[in-house]
$ cat start15.tsv   # TSV, C-alpha atoms and all ligand atoms
chain	number	residue	atom	x	y	z
A	1	MET	CA	0.00	0.00	0.00
A	2	LYS	CA	1.55	3.30	-1.13
A	3	ILE	CA	0.01	6.64	-0.27
A	4	LEU	CA	0.92	10.09	-1.53
A	5	VAL	CA	0.52	12.99	0.93
A	6	ILE	CA	0.20	16.40	-0.73
A	7	ASN	CA	0.30	19.74	1.08
A	8	GLY	CA	-0.56	23.00	-0.66
A	9	PRO	CA	0.50	26.61	-0.24
A	10	ASN	CA	1.87	28.00	3.02
A	11	LEU	CA	1.74	24.65	4.80
A	12	ASN	CA	5.56	24.69	4.68
A	13	LEU	CA	5.14	27.47	7.26
A	14	LEU	CA	3.33	25.32	9.83
A	15	GLY	CA	4.82	25.83	13.27
A	16	LYS	CA	5.15	29.57	12.83
A	17	ARG	CA	2.09	30.43	10.74
A	18	GLU	CA	-1.05	31.56	12.68
A	19	LYS	CA	-0.33	29.13	15.52
A	20	ASN	CA	-3.68	29.91	17.14
A	21	VAL	CA	-5.39	28.43	14.06
A	22	TYR	CA	-2.93	25.79	12.82
A	23	GLY	CA	-1.03	24.79	15.97
A	24	ALA	CA	2.65	24.76	16.82
A	25	ARG	CA	3.65	21.57	15.00
A	26	THR	CA	5.81	21.83	11.89
A	27	LEU	CA	4.96	19.94	8.71
A	28	LYS	CA	8.07	17.81	9.24
A	29	GLU	CA	6.81	16.79	12.69
A	30	ILE	CA	3.34	15.99	11.33
A	31	ASN	CA	4.89	13.90	8.53
A	32	LYS	CA	6.92	11.99	11.11
A	33	LYS	CA	3.75	11.14	13.04
A	34	MET	CA	2.07	10.01	9.84
A	35	LEU	CA	5.04	7.77	9.05
A	36	ARG	CA	4.73	6.12	12.45
A	37	VAL	CA	1.03	5.34	11.91
A	38	ALA	CA	1.66	4.22	8.31
A	39	GLY	CA	4.36	1.84	9.57
A	40	GLU	CA	1.88	0.20	11.96
A	41	LYS	CA	-0.46	-0.35	9.02
A	42	ASN	CA	2.21	-1.53	6.57
A	43	ALA	CA	1.69	1.48	4.34
A	44	GLU	CA	4.42	3.47	2.61
A	45	LEU	CA	4.17	7.25	2.35
A	46	ASP	CA	5.63	9.84	0.00
A	47	PHE	CA	5.34	13.53	0.83
A	48	PHE	CA	5.01	16.49	-1.50
A	49	GLN	CA	4.52	20.15	-0.57
A	50	SER	CA	4.20	22.98	-3.06
A	51	ASN	CA	3.09	26.58	-3.13
A	52	HIS	CA	2.40	26.29	-6.87
A	53	GLU	CA	-0.92	25.13	-8.27
A	54	GLY	CA	0.52	23.64	-11.48
A	55	GLU	CA	3.05	21.54	-9.56
A	56	ILE	CA	0.22	20.05	-7.48
A	57	VAL	CA	-1.78	19.37	-10.67
A	58	ASP	CA	1.26	17.61	-12.21
A	59	LYS	CA	1.79	15.50	-9.09
A	60	LEU	CA	-1.88	14.46	-8.97
A	61	GLY	CA	-1.87	13.67	-12.69
A	62	ALA	CA	0.68	10.89	-12.26
A	63	ALA	CA	-0.52	9.66	-8.85
A	64	ASP	CA	-2.63	6.67	-9.89
A	65	LYS	CA	0.37	5.09	-11.64
A	66	SER	CA	2.31	4.74	-8.39
A	67	TYR	CA	-0.09	5.11	-5.45
A	68	ASN	CA	-3.16	3.43	-3.97
A	69	ALA	CA	-4.54	6.63	-2.44
A	70	VAL	CA	-3.85	10.32	-1.93
A	71	VAL	CA	-4.21	12.43	1.22
A	72	ILE	CA	-4.29	16.11	0.30
A	73	ASN	CA	-4.52	19.39	2.16
A	74	PRO	CA	-5.00	21.75	-0.76
A	75	ALA	CA	-4.87	24.73	1.66
A	76	ALA	CA	-6.05	27.98	0.01
A	77	TYR	CA	-6.47	26.18	-3.34
A	78	THR	CA	-9.34	24.25	-1.73
A	79	HIS	CA	-11.51	27.29	-2.27
A	80	THR	CA	-10.24	28.45	-5.67
A	81	SER	CA	-8.71	25.74	-7.83
A	82	VAL	CA	-10.78	24.20	-10.60
A	83	ALA	CA	-7.52	22.75	-11.93
A	84	ILE	CA	-6.82	20.77	-8.75
A	85	ARG	CA	-10.44	19.66	-8.58
A	86	ASP	CA	-10.29	18.40	-12.18
A	87	ALA	CA	-7.00	16.58	-11.46
A	88	VAL	CA	-8.60	14.86	-8.45
A	89	ALA	CA	-11.71	13.96	-10.50
A	90	ALA	CA	-9.48	12.32	-13.13
A	91	LEU	CA	-7.94	9.87	-10.66
A	92	ASP	CA	-9.01	6.26	-10.24
A	93	ILE	CA	-7.76	6.07	-6.65
A	94	PRO	CA	-9.39	7.46	-3.48
A	95	VAL	CA	-8.44	11.02	-2.55
A	96	ILE	CA	-9.01	12.18	1.03
A	97	GLU	CA	-9.17	15.93	1.65
A	98	VAL	CA	-7.86	17.12	5.01
A	99	HIS	CA	-7.86	20.45	6.83
A	100	ILE	CA	-6.24	21.31	10.12
A	101	SER	CA	-8.88	23.91	10.96
A	102	ASN	CA	-12.65	23.49	10.68
A	103	ILE	CA	-13.17	25.43	7.45
A	104	TYR	CA	-16.93	25.70	8.12
A	105	LYS	CA	-16.34	27.59	11.37
A	106	ARG	CA	-14.18	30.24	9.71
A	107	GLU	CA	-14.63	33.05	7.17
A	108	GLU	CA	-17.37	32.46	4.62
A	109	PHE	CA	-14.94	32.24	1.70
A	110	ARG	CA	-13.52	29.08	3.31
A	111	HIS	CA	-16.89	27.36	3.58
A	112	LYS	CA	-16.83	26.18	-0.02
A	113	SER	CA	-14.47	23.42	-1.06
A	114	LEU	CA	-14.18	22.85	-4.80
A	115	ILE	CA	-12.39	19.58	-3.98
A	116	ALA	CA	-14.94	17.96	-1.63
A	117	PRO	CA	-17.47	16.93	-4.34
A	118	VAL	CA	-14.79	14.90	-6.16
A	119	ALA	CA	-12.94	13.56	-3.08
A	120	GLN	CA	-13.72	10.29	-1.33
A	121	GLY	CA	-14.33	12.32	1.82
A	122	GLN	CA	-13.13	15.20	3.94
A	123	VAL	CA	-11.61	15.55	7.42
A	124	SER	CA	-11.70	19.08	8.81
A	125	GLY	CA	-11.06	20.61	12.20
A	126	PHE	CA	-9.00	18.17	14.22
A	127	GLY	CA	-5.70	20.02	14.13
A	128	GLU	CA	-2.69	17.90	13.19
A	129	TYR	CA	-4.81	14.83	13.97
A	130	SER	CA	-6.82	15.54	10.79
A	131	TYR	CA	-3.83	14.13	8.88
A	132	ILE	CA	-3.83	10.92	10.92
A	133	LEU	CA	-7.58	10.51	10.44
A	134	GLY	CA	-7.18	11.21	6.73
A	135	LEU	CA	-4.39	8.66	6.50
A	136	LEU	CA	-6.45	5.98	8.27
A	137	ALA	CA	-9.39	6.76	5.97
A	138	ALA	CA	-7.12	6.46	2.92
A	139	ILE	CA	-5.70	3.10	4.06
A	140	HIS	CA	-9.17	1.78	4.85
A	141	THR	CA	-10.71	2.97	1.59
A	142	ALA	CA	-7.84	1.86	-0.65
A	143	GLY	CA	-7.78	-1.51	1.15
A	144	ASN	CA	-11.42	-2.09	0.26
A	145	LYS	CA	-10.99	-1.29	-3.45
A	201	LIG	C1	-6.43	24.86	5.58
A	201	LIG	C2	-7.66	25.78	5.52
A	201	LIG	C3	-7.59	26.72	4.33
A	201	LIG	O1	-8.73	27.57	4.30
A	201	LIG	C4	-6.35	27.59	4.42
A	201	LIG	O2	-6.23	28.40	3.28
A	201	LIG	C5	-5.10	26.82	4.66
A	201	LIG	C6	-5.13	25.65	5.55
A	201	LIG	C7	-6.40	23.99	6.86
A	201	LIG	O3	-5.64	23.02	6.87
A	201	LIG	O4	-7.10	24.27	7.82
A	201	LIG	O5	-4.03	27.18	4.19
A	201	LIG	O6	-6.46	23.98	4.46
$ encode --input "start15.tsv" --output "structure tokens"
Amino acid sequence: MKILVINGPNLNLLGKREKNVYGARTLKEINKKMLRVAGEKNAELDFFQSNHEGEIVDKLGAADKSYNAVVINPAAYTHTSVAIRDAVAALDIPVIEVHISNIYKREEFRHKSLIAPVAQGQVSGFGEYSYILGLLAAIHTAGNK
């Protein structure tokens, strides 16, 4: 079981970015926790972070050749990117959308996800634990396909 974990713009700044919203953990620390959980479930993880929409589209485009599932936090592109949505819709593998914050509790412009209607499901609002829940959902869903 191989899973690709994609993080969108500004998530490289976790740990110093709006700590009251996103917590104090760095992306590297979150990835380490995910690796530990993946190891217990015999899953392999690859990580990709980019601040550039096209790079995320390219990565998604090739994902079903090498991976059984994708966990993605599209960050701000969640609310704006038709290109990322279309790339997700084109995949034959489950894609789980995750958010650290509860996007429905925040500003109105964050309430709409363009990704959610084409994702397998969404995890939102559990802090860094959203990634672990998303990973478990990805392993479970891919395992049943
Ligand atoms: C986010 C929520 C988005 O609205 C925001 O633009 C982010 C992070 C989250 O993980 O809570 O960058 O995806």
$ residues_around --input "start15.tsv" --residues "Gln122 in chain A" --least-positions-apart "3" --cutoff "7 Å" --atoms "only C-alpha atoms" --output "mmCIF file with C-alpha atoms, in the frame of the given file"
data_model
loop_
_atom_site.group_PDB
_atom_site.id
_atom_site.type_symbol
_atom_site.label_atom_id
_atom_site.label_comp_id
_atom_site.auth_asym_id
_atom_site.auth_seq_id
_atom_site.Cartn_x
_atom_site.Cartn_y
_atom_site.Cartn_z
ATOM 1 C CA ILE A 96 -9.010 12.180 1.030
ATOM 2 C CA GLU A 97 -9.170 15.930 1.650
ATOM 3 C CA VAL A 98 -7.860 17.120 5.010
ATOM 4 C CA ALA A 116 -14.940 17.960 -1.630
#
$ closest_residue --input "start15.tsv" --among "A:Ile100, A:Ser113, A:Pro74, A:Thr80" --to "Glu18 in chain A" --atoms "only C-alpha atoms"
A:Ile100
$ residues_around --input "start15.tsv" --residues "Leu114 in chain A" --least-positions-apart "5" --cutoff "12 Å" --atoms "all atoms listed in the file" --output "ChimeraX atom specification"
/A:74-89,97,109,119,122
$ residues_around --input "start15.tsv" --residues "Thr26 in chain A" --least-positions-apart "2" --cutoff "12 Å" --atoms "all atoms listed in the file" --output "ChimeraX atom specification"
/A:10-19,22-24,28-33,127-128
$ atom_distance --input "start15.tsv" --atom1 "CA of Tyr131 in chain A" --atom2 "CA of Ala63 in chain A"
18.6 Å
$ closest_residue --input "start15.tsv" --among "A:Asn42, A:Arg36, A:His99, A:Gly134" --to "ligand LIG 201 (chain A)" --atoms "all atoms listed in the file"
A:His99
$ closest_residue --input "start15.tsv" --among "A:Gly143, A:Pro94, A:Pro9, A:Pro117" --to "ligand LIG 201 (chain A)" --atoms "only C-alpha atoms and all ligand atoms"
A:Pro9
$ atom_distance --input "start15.tsv" --atom1 "CA of Asn51 in chain A" --atom2 "atom C5 of ligand LIG 201 (chain A)"
11.3 Å
$ atom_distance --input "start15.tsv" --atom1 "CA of Tyr104 in chain A" --atom2 "CA of Gly54 in chain A"
26.3 Å
$ residues_around --input "start15.tsv" --residues "Met1 in chain A" --least-positions-apart "6" --cutoff "7 Å" --atoms "all atoms listed in the file" --output "list in words"
Ala43, Glu44 and Asn68 of chain A
$ closest_residue --input "start15.tsv" --among "A:Ala137, A:Val21, A:Val95, A:Ile6" --to "ligand LIG 201 (chain A)" --atoms "all atoms listed in the file"
A:Val21
$ residues_around --input "start15.tsv" --residues "Ala69 in chain A" --least-positions-apart "4" --cutoff "7 Å" --atoms "all atoms listed in the file" --output "list of chain:residue names"
A:Ile3, A:Leu4, A:Ile93, A:Pro94, A:Val95, A:Ala138, A:Ala142
$ build_atoms --input "start15.tsv" --residues "range 106-141 of chain A" --atoms "N, CA and C atoms" --output "PDB file, keeping the file's coordinate frame"
ATOM      1  N   ARG A 106     -15.032  29.081   9.961  1.00  0.00           N
ATOM      2  CA  ARG A 106     -14.180  30.240   9.710  1.00  0.00           C
ATOM      3  C   ARG A 106     -14.848  31.221   8.732  1.00  0.00           C
ATOM      4  N   GLU A 107     -14.056  32.055   8.076  1.00  0.00           N
ATOM      5  CA  GLU A 107     -14.630  33.050   7.170  1.00  0.00           C
ATOM      6  C   GLU A 107     -15.470  32.353   6.095  1.00  0.00           C
ATOM      7  N   GLU A 108     -16.460  33.076   5.579  1.00  0.00           N
ATOM      8  CA  GLU A 108     -17.370  32.460   4.620  1.00  0.00           C
ATOM      9  C   GLU A 108     -16.662  31.959   3.365  1.00  0.00           C
ATOM     10  N   PHE A 109     -15.605  32.665   2.940  1.00  0.00           N
ATOM     11  CA  PHE A 109     -14.940  32.240   1.700  1.00  0.00           C
ATOM     12  C   PHE A 109     -14.265  30.871   1.849  1.00  0.00           C
ATOM     13  N   ARG A 110     -14.104  30.408   3.111  1.00  0.00           N
ATOM     14  CA  ARG A 110     -13.520  29.080   3.310  1.00  0.00           C
ATOM     15  C   ARG A 110     -14.571  27.974   3.397  1.00  0.00           C
ATOM     16  N   HIS A 111     -15.840  28.361   3.385  1.00  0.00           N
ATOM     17  CA  HIS A 111     -16.890  27.360   3.580  1.00  0.00           C
ATOM     18  C   HIS A 111     -17.065  26.468   2.360  1.00  0.00           C
ATOM     19  N   LYS A 112     -16.656  26.978   1.205  1.00  0.00           N
ATOM     20  CA  LYS A 112     -16.830  26.180  -0.020  1.00  0.00           C
ATOM     21  C   LYS A 112     -15.533  25.494  -0.395  1.00  0.00           C
ATOM     22  N   SER A 113     -15.602  24.186  -0.532  1.00  0.00           N
ATOM     23  CA  SER A 113     -14.470  23.420  -1.060  1.00  0.00           C
ATOM     24  C   SER A 113     -14.821  22.967  -2.468  1.00  0.00           C
ATOM     25  N   LEU A 114     -13.969  23.328  -3.426  1.00  0.00           N
ATOM     26  CA  LEU A 114     -14.180  22.850  -4.800  1.00  0.00           C
ATOM     27  C   LEU A 114     -13.744  21.385  -4.918  1.00  0.00           C
ATOM     28  N   ILE A 115     -12.956  20.928  -3.931  1.00  0.00           N
ATOM     29  CA  ILE A 115     -12.390  19.580  -3.980  1.00  0.00           C
ATOM     30  C   ILE A 115     -13.373  18.541  -3.402  1.00  0.00           C
ATOM     31  N   ALA A 116     -14.099  18.927  -2.363  1.00  0.00           N
ATOM     32  CA  ALA A 116     -14.940  17.960  -1.630  1.00  0.00           C
ATOM     33  C   ALA A 116     -15.882  17.133  -2.521  1.00  0.00           C
ATOM     34  N   PRO A 117     -16.546  17.740  -3.529  1.00  0.00           N
ATOM     35  CA  PRO A 117     -17.470  16.930  -4.340  1.00  0.00           C
ATOM     36  C   PRO A 117     -16.798  15.838  -5.167  1.00  0.00           C
ATOM     37  N   VAL A 118     -15.478  15.933  -5.362  1.00  0.00           N
ATOM     38  CA  VAL A 118     -14.790  14.900  -6.160  1.00  0.00           C
ATOM     39  C   VAL A 118     -13.854  14.052  -5.292  1.00  0.00           C
ATOM     40  N   ALA A 119     -13.785  14.353  -3.995  1.00  0.00           N
ATOM     41  CA  ALA A 119     -12.940  13.560  -3.080  1.00  0.00           C
ATOM     42  C   ALA A 119     -13.755  12.383  -2.546  1.00  0.00           C
ATOM     43  N   GLN A 120     -13.035  11.403  -2.013  1.00  0.00           N
ATOM     44  CA  GLN A 120     -13.720  10.290  -1.330  1.00  0.00           C
ATOM     45  C   GLN A 120     -14.445  10.815  -0.098  1.00  0.00           C
ATOM     46  N   GLY A 121     -13.749  11.714   0.631  1.00  0.00           N
ATOM     47  CA  GLY A 121     -14.330  12.320   1.820  1.00  0.00           C
ATOM     48  C   GLY A 121     -13.417  13.401   2.342  1.00  0.00           C
ATOM     49  N   GLN A 122     -13.865  14.045   3.406  1.00  0.00           N
ATOM     50  CA  GLN A 122     -13.130  15.200   3.940  1.00  0.00           C
ATOM     51  C   GLN A 122     -13.004  15.091   5.455  1.00  0.00           C
ATOM     52  N   VAL A 123     -11.834  15.459   5.971  1.00  0.00           N
ATOM     53  CA  VAL A 123     -11.610  15.550   7.420  1.00  0.00           C
ATOM     54  C   VAL A 123     -11.210  16.992   7.698  1.00  0.00           C
ATOM     55  N   SER A 124     -11.934  17.651   8.610  1.00  0.00           N
ATOM     56  CA  SER A 124     -11.700  19.080   8.810  1.00  0.00           C
ATOM     57  C   SER A 124     -11.877  19.436  10.279  1.00  0.00           C
ATOM     58  N   GLY A 125     -10.859  20.033  10.878  1.00  0.00           N
ATOM     59  CA  GLY A 125     -11.060  20.610  12.200  1.00  0.00           C
ATOM     60  C   GLY A 125     -10.419  19.909  13.372  1.00  0.00           C
ATOM     61  N   PHE A 126      -9.592  18.917  13.115  1.00  0.00           N
ATOM     62  CA  PHE A 126      -9.000  18.170  14.220  1.00  0.00           C
ATOM     63  C   PHE A 126      -7.515  18.481  14.428  1.00  0.00           C
ATOM     64  N   GLY A 127      -7.103  19.651  13.967  1.00  0.00           N
ATOM     65  CA  GLY A 127      -5.700  20.020  14.130  1.00  0.00           C
ATOM     66  C   GLY A 127      -4.814  19.048  13.359  1.00  0.00           C
ATOM     67  N   GLU A 128      -3.618  18.811  13.894  1.00  0.00           N
ATOM     68  CA  GLU A 128      -2.690  17.900  13.190  1.00  0.00           C
ATOM     69  C   GLU A 128      -3.288  16.489  13.061  1.00  0.00           C
ATOM     70  N   TYR A 129      -4.202  16.153  13.983  1.00  0.00           N
ATOM     71  CA  TYR A 129      -4.810  14.830  13.970  1.00  0.00           C
ATOM     72  C   TYR A 129      -5.673  14.608  12.718  1.00  0.00           C
ATOM     73  N   SER A 130      -6.080  15.690  12.055  1.00  0.00           N
ATOM     74  CA  SER A 130      -6.820  15.540  10.790  1.00  0.00           C
ATOM     75  C   SER A 130      -6.010  14.706   9.796  1.00  0.00           C
ATOM     76  N   TYR A 131      -4.677  14.887   9.815  1.00  0.00           N
ATOM     77  CA  TYR A 131      -3.830  14.130   8.880  1.00  0.00           C
ATOM     78  C   TYR A 131      -3.831  12.637   9.205  1.00  0.00           C
ATOM     79  N   ILE A 132      -3.832  12.337  10.507  1.00  0.00           N
ATOM     80  CA  ILE A 132      -3.830  10.920  10.920  1.00  0.00           C
ATOM     81  C   ILE A 132      -5.172  10.283  10.536  1.00  0.00           C
ATOM     82  N   LEU A 133      -6.257  11.014  10.813  1.00  0.00           N
ATOM     83  CA  LEU A 133      -7.580  10.510  10.440  1.00  0.00           C
ATOM     84  C   LEU A 133      -7.693  10.325   8.936  1.00  0.00           C
ATOM     85  N   GLY A 134      -7.159  11.294   8.195  1.00  0.00           N
ATOM     86  CA  GLY A 134      -7.180  11.210   6.730  1.00  0.00           C
ATOM     87  C   GLY A 134      -6.376  10.022   6.233  1.00  0.00           C
ATOM     88  N   LEU A 135      -5.246   9.789   6.875  1.00  0.00           N
ATOM     89  CA  LEU A 135      -4.390   8.660   6.500  1.00  0.00           C
ATOM     90  C   LEU A 135      -5.110   7.330   6.764  1.00  0.00           C
ATOM     91  N   LEU A 136      -5.724   7.212   7.937  1.00  0.00           N
ATOM     92  CA  LEU A 136      -6.450   5.980   8.270  1.00  0.00           C
ATOM     93  C   LEU A 136      -7.609   5.762   7.291  1.00  0.00           C
ATOM     94  N   ALA A 137      -8.282   6.847   6.937  1.00  0.00           N
ATOM     95  CA  ALA A 137      -9.390   6.760   5.970  1.00  0.00           C
ATOM     96  C   ALA A 137      -8.868   6.311   4.606  1.00  0.00           C
ATOM     97  N   ALA A 138      -7.708   6.823   4.227  1.00  0.00           N
ATOM     98  CA  ALA A 138      -7.120   6.460   2.920  1.00  0.00           C
ATOM     99  C   ALA A 138      -6.748   4.979   2.903  1.00  0.00           C
ATOM    100  N   ILE A 139      -6.124   4.503   3.979  1.00  0.00           N
ATOM    101  CA  ILE A 139      -5.700   3.100   4.060  1.00  0.00           C
ATOM    102  C   ILE A 139      -6.931   2.199   4.017  1.00  0.00           C
ATOM    103  N   HIS A 140      -7.930   2.574   4.799  1.00  0.00           N
ATOM    104  CA  HIS A 140      -9.170   1.780   4.850  1.00  0.00           C
ATOM    105  C   HIS A 140      -9.847   1.735   3.482  1.00  0.00           C
ATOM    106  N   THR A 141      -9.979   2.895   2.859  1.00  0.00           N
ATOM    107  CA  THR A 141     -10.710   2.970   1.590  1.00  0.00           C
ATOM    108  C   THR A 141      -9.944   2.246   0.485  1.00  0.00           C
TER     109      THR A 141
END
